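S.K.: First the structure, then my questions, so here it is.
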Amino acid sequence: MSDDCIFCKIASGAIPAKFVYEDEFLVAFPDINPMAPVHVLVIPRKHLDSVAAAGPSDSALLGHALLTLPKIAAKLGIAESGFRVVMNTGKDGGQSVGHLHWHLLGGRFMEWPPG
Ligand code: DGP
């Protein structure tokens, strides 16, 4: 837990959010500024600044997250139509919140390339 991290506060319940999924390691909740009909953020309960801050001891956590993202997509009804997972990292990656997170987007066709 990082004291000044908004996503740590959401994960701990200090700031209320509607969890669409949670388990021992992850929580998922709607993005405050949705870019698609379905747009949730999936975050580890553990504070990591970004994927660039992860190390070998985080392998199981990262693997668990990747395996869980399609399950959350299924729960939200976008597994069959398809979905996009985005992990913005650092300044040029467009990361604005310094706690590792995956955007799970769906409910419409996702254009490529991204802006
Ligand atoms: P990124 O730019 O990849 O770091 O994405 C951060 C996202 O987090 C952005 O889409 C807006 C969202 N966000 C920021 N603050 C909050 C918050 O307090 N609650 C929720 N639900 N989403 C937030």
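Following the order of the structure tokens, first chain is A, next is B, and so on, with residues numbered from 1 inside each chain and ligands from 1 in the order they appear.
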Could you give me, as a ChimeraX atom specification, every polymer residue with an atom at most 9 Å away from an atom of ligand 1, counting only C-alpha atoms and all ligand atoms?
M.R.: /A:6-7,10,15-18,29-35,39-41,86-90,93-103
S.K.: Using DSSP assignments from the backbone, pull out every residue in chain A that falls under strand (DSSP E or B) and give it to me as a list of chain:residue names.
M.R.: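 Secondary structure check on chain A, strand (DSSP E or B): A:Tyr21, A:Glu22, A:Leu26, A:Val27, A:Ala28, A:Phe29, A:Pro30, A:Val38, A:His39, A:Val40, A:Leu41, A:Val42, A:Ile43, A:Pro44, A:Phe83, A:Arg84, A:Val85, A:Val86, A:Trp102, A:His103, A:Leu104, A:Leu105, A:Gly106.
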S.K.: Write out as an MDAnalysis selection string which residues come within 9 Å of range 81-85 of chain A when counting only C-alpha atoms, dropping same-chain ones fewer than 6 positions away.
M.R.: chainID A and resid 69:70 73 102:110
S.K.: What is the CA of Leu76 in chain A-CA of Val42 in chain A distance in Å, reported with one decimal?
M.R.: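 Computing the Euclidean distance for CA of Leu76 in chain A and CA of Val42 in chain A yields 12.7 Å.
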S.K.: Of the candidates A:Met1, A:Ala79, A:Ala65, A:Leu48, which shows the shortest atom-to-atom distance to Phe25 in chain A, using only C-alpha atoms?
M.R.: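 With only C-alpha atoms as the atom set, the closest residue is A:Ala65.
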S.K.: At what distance in Å, to one decimal, does CA of Leu62 in chain A lie from CA of Pro44 in chain A?
M.R.: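 We find that CA of Pro44 in chain A and CA of Leu62 in chain A lie 8.7 Å from each other.
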S.K.: Would you pick out the contacts of Leu61 in chain A at 10 Å or less, using only C-alpha atoms, so that residues sharing its chain but fewer than 3 positions from it are not included, and give the list as a VMD selection string?
M.R.: chain A and resid 25 to 26 44 to 46 54 56 to 58 64 to 67
S.K.: Extract the full set of helix (DSSP H, G or I) residues from chain A according to DSSP on the backbone, and format it as a ChimeraX atom specification.
M.R.: /A:6-12,51-53,56-75
S.K.: Based on the selection just made, write C-alpha atoms of those residues as a PDB file, in the first residue's frame.
M.R.:
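Output saved as result_34.pdb:
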ATOM      1  CA  ILE A   6      -5.588   6.564  -5.263  1.00  0.00           C
ATOM      2  CA  PHE A   7      -5.771   3.004  -6.597  1.00  0.00           C
ATOM      3  CA  CYS A   8      -4.377   1.626  -3.315  1.00  0.00           C
ATOM      4  CA  LYS A   9      -7.171   3.501  -1.563  1.00  0.00           C
ATOM      5  CA  ILE A  10      -9.744   2.012  -3.941  1.00  0.00           C
ATOM      6  CA  ALA A  11      -8.309  -1.505  -3.523  1.00  0.00           C
ATOM      7  CA  SER A  12      -8.381  -1.213   0.273  1.00  0.00           C
ATOM      8  CA  VAL A  51       4.753  -3.221 -15.030  1.00  0.00           C
ATOM      9  CA  ALA A  52       8.255  -1.781 -15.353  1.00  0.00           C
ATOM     10  CA  ALA A  53       8.539  -1.956 -11.559  1.00  0.00           C
ATOM     11  CA  PRO A  56      10.571 -12.010 -10.675  1.00  0.00           C
ATOM     12  CA  SER A  57       8.639 -12.253  -7.412  1.00  0.00           C
ATOM     13  CA  ASP A  58       5.630 -10.775  -9.243  1.00  0.00           C
ATOM     14  CA  SER A  59       5.528 -13.503 -11.915  1.00  0.00           C
ATOM     15  CA  ALA A  60       2.619 -15.357 -10.368  1.00  0.00           C
ATOM     16  CA  LEU A  61       0.658 -12.138  -9.876  1.00  0.00           C
ATOM     17  CA  LEU A  62       1.166 -11.048 -13.477  1.00  0.00           C
ATOM     18  CA  GLY A  63       0.281 -14.490 -14.796  1.00  0.00           C
ATOM     19  CA  HIS A  64      -2.814 -14.559 -12.629  1.00  0.00           C
ATOM     20  CA  ALA A  65      -3.881 -11.169 -13.971  1.00  0.00           C
ATOM     21  CA  LEU A  66      -3.510 -12.235 -17.606  1.00  0.00           C
ATOM     22  CA  LEU A  67      -5.481 -15.406 -16.981  1.00  0.00           C
ATOM     23  CA  THR A  68      -8.179 -13.498 -15.092  1.00  0.00           C
ATOM     24  CA  LEU A  69      -8.747 -10.717 -17.644  1.00  0.00           C
ATOM     25  CA  PRO A  70     -10.721 -12.993 -20.033  1.00  0.00           C
ATOM     26  CA  LYS A  71     -12.789 -14.236 -17.108  1.00  0.00           C
ATOM     27  CA  ILE A  72     -13.696 -10.661 -16.184  1.00  0.00           C
ATOM     28  CA  ALA A  73     -14.499 -10.007 -19.856  1.00  0.00           C
ATOM     29  CA  ALA A  74     -16.829 -13.007 -19.799  1.00  0.00           C
ATOM     30  CA  LYS A  75     -18.478 -11.754 -16.637  1.00  0.00           C
TER      31      LYS A  75
END
S.K.: CA of Glu80 in chain A and CA of Pro37 in chain A, how far apart in Å?
M.R.: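 Distance between the two atoms: 15.0 Å.
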